[in-house]
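Participant: Below is entry37.cif; it holds mmCIF, C-alpha atoms and all ligand atoms.
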data_query
#
loop_
_atom_site.label_atom_id
_atom_site.label_comp_id
_atom_site.auth_asym_id
_atom_site.auth_seq_id
_atom_site.Cartn_x
_atom_site.Cartn_y
_atom_site.Cartn_z
CA MET A 1 -23.65 -16.89 -9.94
CA ILE A 2 -21.19 -15.04 -12.19
CA SER A 3 -22.08 -11.39 -12.78
CA MET A 4 -22.25 -10.65 -16.50
CA THR A 5 -21.79 -6.86 -16.48
CA ARG A 6 -18.32 -5.88 -17.68
CA GLN A 7 -16.58 -3.65 -15.16
CA SER A 8 -14.53 -0.70 -16.33
CA VAL A 9 -11.27 -0.31 -14.39
CA ALA A 10 -8.90 2.62 -13.74
CA VAL A 11 -5.39 1.46 -12.82
CA LEU A 12 -3.47 4.21 -11.02
CA GLY A 13 0.23 3.38 -10.72
CA ALA A 14 -0.08 1.16 -13.80
CA THR A 15 3.67 0.94 -14.45
CA GLY A 16 4.45 -0.24 -10.90
CA SER A 17 4.59 -3.63 -9.28
CA ILE A 18 0.92 -3.63 -8.16
CA GLY A 19 -0.15 -2.05 -11.45
CA GLY A 20 1.57 -4.85 -13.40
CA ASN A 21 -0.01 -7.58 -11.28
CA THR A 22 -3.42 -5.93 -11.65
CA LEU A 23 -3.13 -5.79 -15.43
CA ASP A 24 -2.06 -9.44 -15.44
CA VAL A 25 -5.25 -10.46 -13.57
CA LEU A 26 -7.44 -8.18 -15.72
CA ALA A 27 -6.02 -9.69 -18.91
CA ARG A 28 -7.07 -13.16 -17.70
CA HIS A 29 -10.72 -12.05 -17.57
CA PRO A 30 -11.54 -9.91 -20.62
CA GLU A 31 -15.19 -10.97 -20.37
CA ARG A 32 -15.43 -9.37 -16.91
CA PHE A 33 -13.17 -6.30 -17.10
CA SER A 34 -12.12 -3.57 -19.49
CA VAL A 35 -9.31 -1.04 -18.89
CA TYR A 36 -10.57 2.56 -19.03
CA LEU A 37 -7.63 4.51 -17.61
CA LEU A 38 -3.95 3.85 -16.97
CA ALA A 39 -1.98 6.36 -14.86
CA ALA A 40 1.72 6.75 -14.08
CA ASN A 41 4.33 9.46 -13.63
CA THR A 42 7.39 9.32 -15.91
CA SER A 43 7.75 5.75 -17.25
CA VAL A 44 6.94 6.58 -20.87
CA ASP A 45 8.31 3.45 -22.58
CA HIS A 46 6.52 1.18 -20.15
CA MET A 47 3.28 3.14 -20.66
CA VAL A 48 3.61 2.88 -24.46
CA ALA A 49 3.72 -0.92 -24.14
CA LEU A 50 0.76 -0.96 -21.71
CA CYS A 51 -1.37 1.25 -23.95
CA GLN A 52 -0.63 -0.93 -26.96
CA LYS A 53 -1.63 -4.04 -25.05
CA HIS A 54 -4.63 -2.84 -22.99
CA LYS A 55 -5.96 -0.05 -25.23
CA PRO A 56 -7.33 2.21 -22.45
CA ALA A 57 -9.57 5.17 -23.35
CA PHE A 58 -7.19 7.44 -21.36
CA ALA A 59 -3.54 7.39 -20.26
CA HIS A 60 -2.53 9.91 -17.59
CA MET A 61 1.07 10.94 -16.92
CA ALA A 62 1.55 13.10 -13.79
CA ASP A 63 4.69 14.56 -15.35
CA SER A 64 3.63 16.83 -18.22
CA ASP A 65 6.84 16.32 -20.28
CA SER A 66 6.28 12.58 -20.07
CA ALA A 67 2.68 13.06 -21.22
CA GLU A 68 3.99 14.91 -24.28
CA ARG A 69 6.52 12.18 -25.03
CA LEU A 70 3.81 9.53 -24.70
CA ARG A 71 1.57 11.51 -27.07
CA MET A 72 4.36 11.54 -29.67
CA ALA A 73 5.04 7.82 -29.25
CA LEU A 74 1.49 6.51 -29.69
CA PRO A 75 -0.61 6.57 -32.84
CA LYS A 76 -3.43 9.15 -32.66
CA GLY A 77 -6.96 8.02 -31.87
CA GLU A 78 -7.01 4.95 -29.70
CA THR A 79 -5.94 6.40 -26.34
CA GLU A 80 -6.25 10.02 -25.23
CA ILE A 81 -3.13 11.21 -23.33
CA VAL A 82 -3.73 13.61 -20.44
CA THR A 83 -1.85 15.22 -17.55
CA GLY A 84 -2.59 17.38 -14.47
CA ALA A 85 -3.62 16.35 -10.95
CA ASP A 86 -7.18 17.69 -11.31
CA THR A 87 -7.65 15.85 -14.59
CA LEU A 88 -6.73 12.57 -12.90
CA CYS A 89 -9.31 13.16 -10.14
CA THR A 90 -11.99 14.07 -12.70
CA LEU A 91 -11.28 10.94 -14.75
CA VAL A 92 -11.36 8.72 -11.66
CA GLN A 93 -14.78 10.14 -10.78
CA SER A 94 -16.15 9.66 -14.29
CA PRO A 95 -19.39 7.64 -14.52
CA ALA A 96 -17.52 5.47 -17.03
CA VAL A 97 -15.34 4.07 -14.21
CA ASP A 98 -16.61 1.26 -11.95
CA VAL A 99 -13.44 0.14 -10.20
CA VAL A 100 -10.33 2.11 -9.18
CA MET A 101 -7.04 0.41 -8.33
CA ALA A 102 -5.22 3.00 -6.18
CA ALA A 103 -1.59 1.90 -6.57
CA ILE A 104 0.38 5.11 -6.92
CA VAL A 105 3.24 4.98 -4.44
CA GLY A 106 3.37 7.38 -1.47
CA ALA A 107 1.57 10.63 -0.67
CA ALA A 108 1.26 11.32 -4.43
CA GLY A 109 -1.64 8.83 -4.41
CA LEU A 110 -3.73 10.65 -1.81
CA MET A 111 -5.89 12.98 -3.91
CA SER A 112 -6.90 10.44 -6.56
CA THR A 113 -7.73 7.89 -3.85
CA ILE A 114 -9.94 10.39 -2.02
CA ALA A 115 -11.56 11.32 -5.36
CA ALA A 116 -12.46 7.66 -5.97
CA ALA A 117 -13.93 7.33 -2.47
CA GLN A 118 -15.95 10.52 -2.84
CA ALA A 119 -17.45 9.31 -6.11
CA GLY A 120 -18.61 6.00 -4.63
CA LYS A 121 -16.30 3.84 -6.72
CA LYS A 122 -15.32 0.32 -5.79
CA LEU A 123 -11.90 1.24 -4.41
CA LEU A 124 -9.09 -1.30 -4.47
CA LEU A 125 -6.72 0.26 -1.99
CA ALA A 126 -3.02 -0.56 -2.36
CA ASN A 127 -1.85 2.99 -1.56
CA LYS A 128 -1.70 2.51 2.22
CA GLU A 129 -0.23 6.00 2.59
CA SER A 130 -3.73 7.51 1.94
CA LEU A 131 -5.11 5.83 5.05
CA VAL A 132 -1.99 6.57 7.07
CA MET A 133 -2.16 10.26 6.17
CA ALA A 134 -5.88 10.89 6.14
CA GLY A 135 -7.62 7.79 7.52
CA ALA A 136 -10.61 9.60 9.03
CA LEU A 137 -11.23 11.71 5.92
CA LEU A 138 -10.92 8.77 3.54
CA MET A 139 -13.15 6.46 5.60
CA ASP A 140 -15.76 9.23 6.02
CA ALA A 141 -15.73 9.98 2.28
CA ALA A 142 -16.24 6.28 1.48
CA GLU A 143 -19.03 5.95 4.01
CA ALA A 144 -20.85 9.05 2.72
CA SER A 145 -20.75 7.89 -0.91
CA GLY A 146 -21.19 4.16 -0.32
CA SER A 147 -17.78 3.41 -1.81
CA ALA A 148 -16.62 -0.12 -0.99
CA ILE A 149 -12.97 -0.16 0.07
CA LEU A 150 -11.29 -3.48 -0.73
CA PRO A 151 -7.86 -3.68 0.91
CA ILE A 152 -5.13 -4.91 -1.44
CA ASP A 153 -2.24 -5.05 1.00
CA SER A 154 -1.99 -8.83 1.44
CA GLU A 155 -2.29 -8.61 5.25
CA HIS A 156 -5.41 -6.44 5.19
CA ASN A 157 -6.91 -8.47 2.41
CA ALA A 158 -6.35 -11.55 4.59
CA ILE A 159 -8.02 -9.89 7.58
CA PHE A 160 -10.90 -8.73 5.38
CA GLN A 161 -11.36 -12.33 4.22
CA CYS A 162 -11.23 -13.65 7.81
CA LEU A 163 -13.84 -11.09 8.88
CA GLN A 164 -16.03 -11.79 5.85
CA ALA A 165 -16.16 -15.40 6.97
CA ASN A 166 -18.10 -14.13 9.94
CA GLU A 167 -20.54 -12.15 7.79
CA ARG A 168 -21.10 -9.31 10.25
CA ALA A 169 -20.32 -5.69 9.72
CA VAL A 170 -18.69 -4.14 12.79
CA PRO A 171 -15.61 -5.84 14.28
CA ASP A 172 -16.33 -5.15 17.94
CA LEU A 173 -19.85 -6.57 17.59
CA ARG A 174 -18.72 -9.94 16.36
CA GLY A 175 -16.45 -11.07 19.14
CA VAL A 176 -13.16 -10.05 17.53
CA SER A 177 -10.56 -9.72 20.26
CA SER A 178 -7.58 -8.70 18.11
CA ILE A 179 -6.04 -8.60 14.67
CA ILE A 180 -2.69 -10.31 14.10
CA LEU A 181 -0.58 -8.81 11.32
CA THR A 182 2.14 -11.12 10.09
CA ALA A 183 5.49 -9.70 8.95
CA SER A 184 8.14 -11.56 6.96
CA GLY A 185 10.81 -9.79 9.01
CA GLY A 186 12.45 -8.55 5.80
CA PRO A 187 16.03 -9.11 4.65
CA PHE A 188 17.59 -7.99 7.97
CA ARG A 189 15.57 -10.27 10.26
CA LEU A 190 18.66 -12.08 11.51
CA TRP A 191 21.14 -9.16 11.36
CA ASP A 192 22.48 -7.37 14.44
CA ALA A 193 21.73 -3.67 15.00
CA ALA A 194 25.16 -2.43 13.84
CA ALA A 195 24.96 -4.34 10.55
CA ILE A 196 21.37 -3.14 9.94
CA SER A 197 22.48 0.43 10.46
CA ARG A 198 25.13 0.08 7.69
CA ALA A 199 22.91 -1.80 5.19
CA THR A 200 23.08 -0.66 1.54
CA PRO A 201 20.10 0.12 -0.75
CA ALA A 202 20.79 -3.07 -2.76
CA GLN A 203 20.61 -5.15 0.43
CA ALA A 204 17.45 -3.36 1.61
CA VAL A 205 15.47 -3.91 -1.60
CA ALA A 206 16.34 -7.63 -1.76
CA HIS A 207 13.16 -8.88 -0.08
CA PRO A 208 13.22 -12.60 0.73
CA ASN A 209 9.63 -13.45 -0.33
CA TRP A 210 7.91 -10.60 -2.19
CA SER A 211 8.83 -8.74 -5.37
CA MET A 212 7.80 -5.09 -4.83
CA GLY A 213 8.67 -1.47 -5.66
CA ALA A 214 11.81 0.08 -4.11
CA LYS A 215 10.09 2.27 -1.49
CA ILE A 216 7.91 -0.45 0.02
CA SER A 217 10.86 -2.87 -0.07
CA VAL A 218 12.94 -0.48 2.07
CA ASP A 219 9.92 -0.04 4.38
CA SER A 220 9.72 -3.82 4.71
CA ALA A 221 13.40 -3.98 5.64
CA SER A 222 12.96 -1.33 8.38
CA LEU A 223 9.56 -2.76 9.49
CA MET A 224 8.10 0.71 8.86
CA ASN A 225 5.90 -1.08 6.35
CA LYS A 226 4.41 -3.15 9.17
CA GLY A 227 3.97 0.03 11.19
CA LEU A 228 2.14 1.74 8.31
CA GLU A 229 0.03 -1.41 7.97
CA LEU A 230 -0.84 -1.26 11.65
CA ILE A 231 -2.18 2.28 11.13
CA GLU A 232 -3.95 1.16 7.96
CA ALA A 233 -5.59 -1.77 9.77
CA SER A 234 -6.72 0.43 12.60
CA TRP A 235 -8.67 2.64 10.14
CA LEU A 236 -9.97 -0.09 7.87
CA PHE A 237 -11.26 -2.33 10.64
CA ARG A 238 -11.99 0.36 13.26
CA MET A 239 -9.65 -1.33 15.75
CA PRO A 240 -7.60 0.57 18.34
CA PRO A 241 -3.83 0.13 17.75
CA SER A 242 -3.58 -1.66 21.12
CA LYS A 243 -5.67 -4.50 19.66
CA ILE A 244 -3.40 -5.00 16.66
CA GLU A 245 -0.60 -7.50 17.22
CA VAL A 246 2.44 -7.93 14.99
CA VAL A 247 4.13 -11.31 14.69
CA VAL A 248 7.08 -12.20 12.46
CA HIS A 249 6.38 -15.13 10.13
CA PRO A 250 9.37 -15.59 7.81
CA GLN A 251 7.63 -17.85 5.26
CA SER A 252 4.92 -15.28 4.30
CA ILE A 253 2.37 -18.07 3.86
CA VAL A 254 -0.05 -16.98 6.62
CA HIS A 255 -0.93 -13.49 5.40
CA SER A 256 -2.63 -12.37 8.65
CA MET A 257 -5.11 -13.57 11.25
CA VAL A 258 -8.11 -12.57 13.34
CA ARG A 259 -8.42 -13.67 16.95
CA TYR A 260 -11.97 -14.14 18.26
CA ASP A 261 -13.21 -14.01 21.87
CA ASP A 262 -14.08 -17.73 21.89
CA GLY A 263 -10.43 -18.71 21.37
CA SER A 264 -10.71 -19.27 17.59
CA VAL A 265 -8.09 -17.77 15.29
CA LEU A 266 -8.96 -17.48 11.59
CA ALA A 267 -6.09 -17.16 9.13
CA GLN A 268 -5.82 -16.70 5.37
CA LEU A 269 -3.00 -18.62 3.68
CA GLY A 270 -1.52 -18.68 0.22
CA ASN A 271 1.68 -18.36 -1.76
CA PRO A 272 3.17 -14.85 -1.55
CA ASP A 273 1.78 -13.48 -4.81
CA MET A 274 -0.05 -10.12 -4.93
CA ARG A 275 -2.35 -11.40 -7.67
CA THR A 276 -4.36 -13.25 -4.97
CA PRO A 277 -5.49 -10.13 -3.04
CA ILE A 278 -5.87 -8.22 -6.32
CA ALA A 279 -8.13 -10.90 -7.83
CA TYR A 280 -10.12 -11.09 -4.60
CA GLY A 281 -10.62 -7.31 -4.64
CA LEU A 282 -11.54 -7.24 -8.33
CA ALA A 283 -14.09 -10.05 -8.17
CA TRP A 284 -15.39 -9.56 -4.61
CA PRO A 285 -17.74 -10.98 -3.45
CA GLU A 286 -16.99 -13.68 -6.03
CA ARG A 287 -13.70 -15.51 -6.63
CA ILE A 288 -11.78 -15.72 -9.90
CA ASP A 289 -8.58 -17.34 -11.18
CA ALA A 290 -5.54 -15.19 -10.36
CA GLY A 291 -2.88 -17.27 -12.12
CA VAL A 292 -1.35 -18.03 -8.72
CA GLU A 293 0.29 -21.38 -8.06
CA PRO A 294 -1.72 -23.41 -5.53
CA LEU A 295 -0.15 -23.68 -2.08
CA ASP A 296 1.44 -27.09 -1.59
CA PHE A 297 1.55 -27.87 2.15
CA LEU A 298 3.82 -30.83 1.57
CA LYS A 299 6.46 -28.58 0.00
CA SER A 300 6.01 -25.31 1.94
CA GLY A 301 8.00 -26.53 4.97
CA PRO A 302 7.35 -25.54 8.59
CA LEU A 303 5.47 -22.34 9.40
CA GLU A 304 7.43 -20.34 12.00
CA PHE A 305 6.42 -17.40 14.18
CA GLU A 306 8.57 -15.11 16.31
CA ALA A 307 8.30 -11.78 18.13
CA ALA A 308 8.95 -8.51 16.29
CA ASP A 309 12.03 -6.78 17.74
CA ILE A 310 11.38 -3.05 18.18
CA GLU A 311 14.92 -2.47 19.48
CA ARG A 312 16.54 -3.43 16.16
CA PHE A 313 13.55 -2.12 14.17
CA PRO A 314 12.53 1.16 15.86
CA CYS A 315 10.36 2.23 12.89
CA LEU A 316 7.69 -0.23 14.04
CA ARG A 317 7.63 1.42 17.48
CA LEU A 318 7.47 4.91 15.93
CA ALA A 319 4.52 4.02 13.73
CA ARG A 320 2.69 2.39 16.64
CA GLU A 321 3.28 5.50 18.76
CA SER A 322 2.00 7.72 15.93
CA ALA A 323 -1.14 5.61 15.62
CA ALA A 324 -1.76 5.86 19.36
CA ALA A 325 -1.17 9.66 19.31
CA GLY A 326 -3.83 10.12 16.59
CA GLY A 327 -4.31 13.48 14.83
CA THR A 328 -1.78 14.21 12.11
CA ALA A 329 1.03 12.24 13.82
CA SER A 330 0.85 9.32 11.41
CA ALA A 331 0.86 11.71 8.41
CA VAL A 332 4.03 13.28 9.83
CA CYS A 333 5.55 9.85 10.42
CA ASN A 334 4.74 8.84 6.84
CA ALA A 335 6.11 12.07 5.32
CA ALA A 336 9.38 11.93 7.27
CA ASN A 337 9.78 8.28 6.32
CA GLU A 338 9.16 8.96 2.62
CA VAL A 339 11.81 11.69 2.57
CA ALA A 340 14.28 9.56 4.54
CA VAL A 341 13.76 6.49 2.35
CA ALA A 342 14.28 8.56 -0.83
CA ALA A 343 17.54 9.95 0.63
CA PHE A 344 18.64 6.45 1.62
CA LEU A 345 17.93 5.06 -1.86
CA ASP A 346 19.90 8.02 -3.23
CA GLU A 347 22.81 7.00 -0.95
CA GLN A 348 22.72 10.30 0.95
CA ILE A 349 22.11 8.76 4.38
CA ALA A 350 22.67 5.44 6.13
CA PHE A 351 19.83 2.96 6.69
CA GLY A 352 20.19 3.53 10.44
CA ASN A 353 19.39 7.22 9.97
CA ILE A 354 15.84 6.52 8.72
CA PRO A 355 14.30 5.99 12.20
CA ILE A 356 16.35 8.87 13.65
CA ILE A 357 14.91 11.25 11.03
CA VAL A 358 11.37 9.98 11.64
CA GLU A 359 11.70 10.24 15.43
CA ASN A 360 13.20 13.76 15.35
CA THR A 361 10.54 14.95 12.89
CA LEU A 362 7.73 13.55 15.05
CA ALA A 363 9.20 15.42 18.03
CA GLN A 364 9.40 18.71 16.09
CA VAL A 365 6.19 18.92 14.05
CA SER A 366 3.11 19.58 16.16
CA ASN A 367 0.19 17.15 16.19
CA GLN A 368 -2.99 18.76 14.84
CA GLU A 369 -6.62 17.74 14.36
CA PRO A 370 -6.87 16.44 10.77
CA GLU A 371 -9.92 18.57 9.97
CA SER A 372 -9.38 18.77 6.23
CA ILE A 373 -7.10 17.46 3.51
CA GLU A 374 -5.47 20.90 3.45
CA ALA A 375 -4.66 20.63 7.19
CA VAL A 376 -3.14 17.17 6.65
CA LEU A 377 -1.12 18.36 3.65
CA ALA A 378 0.17 21.36 5.64
CA GLN A 379 1.58 19.04 8.34
CA ASP A 380 2.89 16.69 5.64
CA HIS A 381 4.73 19.67 4.10
CA LEU A 382 6.20 20.80 7.43
CA ALA A 383 7.35 17.25 8.16
CA ARG A 384 9.06 16.96 4.76
CA GLN A 385 10.86 20.26 5.27
CA TYR A 386 12.06 19.24 8.71
CA ALA A 387 13.16 15.80 7.53
CA LEU A 388 15.11 17.41 4.67
CA SER A 389 16.86 19.74 7.12
CA GLU A 390 17.79 16.69 9.24
CA ILE A 391 19.27 15.00 6.16
CA LYS A 392 21.33 18.12 5.38
CA ARG A 393 22.57 18.20 8.97
CA MET A 394 23.54 14.52 8.82
CA ARG A 395 25.38 14.91 5.51
CA LYS A 396 27.39 17.85 6.90
CA GLY A 397 28.30 15.70 9.89
CA HIS A 398 29.89 13.06 7.61
P1 LIG A 401 6.14 0.94 -7.59
O1 LIG A 401 7.26 1.82 -7.18
O2 LIG A 401 6.44 -0.37 -8.22
O3 LIG A 401 5.17 1.75 -8.60
C1 LIG A 401 4.73 3.03 -8.28
C2 LIG A 401 3.73 3.52 -9.30
O4 LIG A 401 3.30 4.85 -8.92
C3 LIG A 401 4.31 3.65 -10.70
O5 LIG A 401 3.32 3.37 -11.65
C4 LIG A 401 4.72 5.13 -10.76
O6 LIG A 401 4.79 5.65 -12.06
C5 LIG A 401 3.56 5.75 -10.01
N1 LIG A 401 3.90 7.07 -9.47
C6 LIG A 401 4.99 7.39 -8.72
N2 LIG A 401 4.95 8.70 -8.41
C7 LIG A 401 3.84 9.21 -8.97
C8 LIG A 401 3.26 10.50 -9.03
N3 LIG A 401 3.84 11.56 -8.45
N4 LIG A 401 2.09 10.64 -9.68
C9 LIG A 401 1.49 9.59 -10.29
N5 LIG A 401 2.00 8.34 -10.29
C10 LIG A 401 3.16 8.16 -9.64
O7 LIG A 401 5.21 0.76 -6.30
P2 LIG A 401 4.39 -0.52 -5.83
O8 LIG A 401 3.54 -1.02 -6.94
O9 LIG A 401 5.29 -1.45 -5.11
O10 LIG A 401 3.45 0.12 -4.70
C11 LIG A 401 2.34 0.92 -5.03
C12 LIG A 401 1.51 1.13 -3.76
O11 LIG A 401 1.01 -0.14 -3.34
C13 LIG A 401 2.30 1.68 -2.57
O12 LIG A 401 1.49 2.53 -1.84
C14 LIG A 401 2.65 0.45 -1.76
O13 LIG A 401 2.80 0.74 -0.39
C15 LIG A 401 1.41 -0.41 -2.00
N6 LIG A 401 1.62 -1.84 -1.87
C16 LIG A 401 2.50 -2.49 -2.69
C17 LIG A 401 2.71 -3.86 -2.56
C18 LIG A 401 3.61 -4.59 -3.50
O14 LIG A 401 3.65 -5.83 -3.44
N7 LIG A 401 4.33 -3.93 -4.39
C19 LIG A 401 2.02 -4.62 -1.51
C20 LIG A 401 1.08 -3.85 -0.75
C21 LIG A 401 0.89 -2.50 -0.92
P3 LIG A 401 6.24 5.74 -12.83
O15 LIG A 401 6.60 4.32 -13.15
O16 LIG A 401 5.95 6.55 -14.02
O17 LIG A 401 7.20 6.38 -11.86
#
In structure tokens, how does this file's structure come out?
Facilitator:
Amino acid sequence: MISMTRQSVAVLGATGSIGGNTLDVLARHPERFSVYLLAANTSVDHMVALCQKHKPAFAHMADSDSAERLRMALPKGETEIVTGADTLCTLVQSPAVDVVMAAIVGAAGLMSTIAAAQAGKKLLLANKESLVMAGALLMDAAEASGSAILPIDSEHNAIFQCLQANERAVPDLRGVSSIILTASGGPFRLWDAAAISRATPAQAVAHPNWSMGAKISVDSASLMNKGLELIEASWLFRMPPSKIEVVVHPQSIVHSMVRYDDGSVLAQLGNPDMRTPIAYGLAWPERIDAGVEPLDFLKSGPLEFEAADIERFPCLRLARESAAAGGTASAVCNAANEVAVAAFLDEQIAFGNIPIIVENTLAQVSNQEPESIEAVLAQDHLARQYALSEIKRMRKGH
């Protein structure tokens, strides 16, 4: 039966790739959803267009100058323009919000994601970095408030769907033997190590199957994205990292799989289009049209699978090791990677330096118990400082 209550949605990271796909799905179902809040950082022109189209009650710009420019650009009255990190958390927790799409990129998305979980919102989680940095704290907050976390990463959404098919709550009680994350292999799948090391930003962001933001595209090219997803899956599905397999599947049609003790493997398939997991998250437990082209098996060609190569893609190994180490290791891994990727995109370092920076930072910054958000942020800060010093050292060496 279709639920008739209109859900009010906050889209954080509205000007990004996930934000755009979310707004596309929302616009297809005006009878089900209304847009309450749009949030971004500095993309003023894009936000002007979004506010004109979706008419949110609030638009939040993290950058205060951009908030001022947005205020000047929009007619008074329809949308209130706000700024400030605390204001964003307060708005996300407002009783007027039912659903939060957490799609700010990187560590900048952590506090608003935690705020949504604390307030018991239906949380559509695209910002994997929140779980990588503070998995225990985020999962505990959601459990305490009754917040439902719907994974938006296509792999985790696929696993969620495969587990839902079994209708039981705890993975290790329902005969799950492992989770299989599929990886496209990225643009450098067939390149040798020396060529990968010299790859340019333009080559790294040219993903073969998915259209995504720059940071996650670079992470896909280094397989750090798969590593972060491994950590994310371990928190979401309470699985030890040793029970999470990674297999390269260049067609990106099988989005991930669950292996059961009786020999069954359940998979979720579809065209590579983020509107599928977004629509699933928005409508769950129902299903709605996402505007996605149906998968045509007669045209999709063969489905191939191959091993992930951690020699050519050491970031996957580093993330797996961080997950196994526990504590704040994965937050440190994430922070060092974010700094290294930004420097790579800025053409300050070579692609091959990204894993070196992450590995050296993990060796230098101590692993702590993640007792509070403050403790996690302190290690995140130390890791960023160390990674920056590594970048300086590398640039001097050139
Ligand atoms: P984009 O780079 O396309 O968009 C990032 C969004 O975050 C923009 O709206 C940007 O605003 C906003 N933003 C950046 N910095 C800040 C800040 N300091 N404060 C507030 N907002 C900020 O990223 P994606 O949409 O690709 O990815 C978003 C998240 O979803 C990431 O965590 C990514 O890992 C995850 N994800 C993405 C997938 C994809 O297909 N793209 C797939 C699975 C997960 P502005 O434009 O103003 O800078």
Participant: Measuring atom to atom with only C-alpha atoms, identify which of A:Gly185, A:Gly263, A:Pro208, A:Gly326 is nearest to Ile310 of chain A.
Facilitator: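 Distance minimum relative to Ile310 of chain A lands on A:Gly185.
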Participant: What is the distance, in Å and to one decimal place, between atom CA of Ser154 of chain A and atom CA of Leu228 of chain A?
Facilitator: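 Computing the Euclidean distance for atom CA of Ser154 of chain A and atom CA of Leu228 of chain A yields 13.3 Å.
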Participant: Within 7 Å of ligand LIG 401 (chain A) (counting only C-alpha atoms and all ligand atoms), which residues show up? I'd like them as an MDAnalysis selection string.
Facilitator: chainID A and resid 12:19 39:44 61:62 103:106 108:109 126:129 152:154 210:216 274
Participant: Please indicate the distance in Å from atom CA of Ser130 of chain A to atom CA of Ser252 of chain A, rounded to one decimal place.
Facilitator: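 Between atom CA of Ser130 of chain A and atom CA of Ser252 of chain A the gap is 24.5 Å.
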Participant: Identify which of the residues A:Ile357, A:Val376, A:Ala96, A:Leu91 lies closest to Ile391 of chain A, counting only C-alpha atoms when measuring atom-to-atom distances.
Facilitator: A:Ile357
Participant: Quick one: residues within 12 Å of segment 63-67 of chain A, all atoms listed in the file counted, chain neighbours fewer than 2 positions away excluded, as a PDB file with C-alpha atoms, in the coordinates of the input?
Facilitator:
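Output saved as part-v8.pdb:
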ATOM      1  CA  ALA A  39      -1.980   6.360 -14.860  1.00  0.00           C
ATOM      2  CA  ALA A  40       1.720   6.750 -14.080  1.00  0.00           C
ATOM      3  CA  ASN A  41       4.330   9.460 -13.630  1.00  0.00           C
ATOM      4  CA  THR A  42       7.390   9.320 -15.910  1.00  0.00           C
ATOM      5  CA  SER A  43       7.750   5.750 -17.250  1.00  0.00           C
ATOM      6  CA  VAL A  44       6.940   6.580 -20.870  1.00  0.00           C
ATOM      7  CA  ASP A  45       8.310   3.450 -22.580  1.00  0.00           C
ATOM      8  CA  HIS A  46       6.520   1.180 -20.150  1.00  0.00           C
ATOM      9  CA  MET A  47       3.280   3.140 -20.660  1.00  0.00           C
ATOM     10  CA  VAL A  48       3.610   2.880 -24.460  1.00  0.00           C
ATOM     11  CA  PHE A  58      -7.190   7.440 -21.360  1.00  0.00           C
ATOM     12  CA  ALA A  59      -3.540   7.390 -20.260  1.00  0.00           C
ATOM     13  CA  HIS A  60      -2.530   9.910 -17.590  1.00  0.00           C
ATOM     14  CA  MET A  61       1.070  10.940 -16.920  1.00  0.00           C
ATOM     15  CA  ARG A  69       6.520  12.180 -25.030  1.00  0.00           C
ATOM     16  CA  LEU A  70       3.810   9.530 -24.700  1.00  0.00           C
ATOM     17  CA  ARG A  71       1.570  11.510 -27.070  1.00  0.00           C
ATOM     18  CA  MET A  72       4.360  11.540 -29.670  1.00  0.00           C
ATOM     19  CA  ALA A  73       5.040   7.820 -29.250  1.00  0.00           C
ATOM     20  CA  LEU A  74       1.490   6.510 -29.690  1.00  0.00           C
ATOM     21  CA  GLU A  80      -6.250  10.020 -25.230  1.00  0.00           C
ATOM     22  CA  ILE A  81      -3.130  11.210 -23.330  1.00  0.00           C
ATOM     23  CA  VAL A  82      -3.730  13.610 -20.440  1.00  0.00           C
ATOM     24  CA  THR A  83      -1.850  15.220 -17.550  1.00  0.00           C
ATOM     25  CA  GLY A  84      -2.590  17.380 -14.470  1.00  0.00           C
ATOM     26  CA  ALA A  85      -3.620  16.350 -10.950  1.00  0.00           C
ATOM     27  CA  THR A  87      -7.650  15.850 -14.590  1.00  0.00           C
ATOM     28  CA  LEU A  88      -6.730  12.570 -12.900  1.00  0.00           C
ATOM     29  CA  ALA A 108       1.260  11.320  -4.430  1.00  0.00           C
TER      30      ALA A 108
END
Participant: With distances taken over all atoms listed in the file, which of A:Ile253, A:Leu124, A:Leu138, A:Val339 is nearest to Val358 of chain A?
Facilitator: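 For Val358 of chain A, the nearest of the candidates is A:Val339.
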Participant: Given the choices A:Leu298, A:Ala134, A:Val25, A:Ala378, which gets closest to Glu232 of chain A if the distance is worked out from all atoms listed in the file?
Facilitator: A:Ala134
Participant: Choose the residue, out of A:Pro151, A:Gly77, A:Pro56, A:Gly120, that has the smallest atom-to-atom separation from Met101 of chain A; count all atoms listed in the file.
Facilitator: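 Smallest distance to Met101 of chain A is found for A:Pro151.
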Participant: Looking at only C-alpha atoms, which of A:Asp261, A:Asp86, A:Asp24, A:Asp273 is the one that sits closest to Val292 of chain A?
Facilitator: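 For Val292 of chain A, the nearest of the candidates is A:Asp273.
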Participant: Any idea what's packed within 12 Å of Asp192 of chain A, counting only C-alpha atoms, ignoring anything in its chain fewer than 4 positions away? Could you give it as number ranges by chain?
Facilitator: A: 187-188, 196-199, 309, 311-313, 352
Participant: Please return, as a ChimeraX atom specification, all polymer residues that have at least one atom within 10 Å of the point (21.8, 5.3, 2.8); use all atoms listed in the file and the file's own coordinate frame.
Facilitator: /A:197-201,204,340-354
Participant: Do a neighbour search on Ser234 of chain A at 12 Å with all atoms listed in the file, toss out local chain neighbours closer than 6 positions, and write the hits as a list in words.
Facilitator: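 Final neighbour list, sorted by chain and number: Lys128, Leu131, Val132, Gly135, Ala136, Met139, His156, Ile159, Pro171, Ser178, Ile179, Ile180, Leu181, Gly227, Leu228, Pro240, Pro241, Ser242, Lys243, Ile244, Glu245, Ala319, Arg320, Ser322, Ala323, Ala324, Gly326 and Ser330 of chain A.
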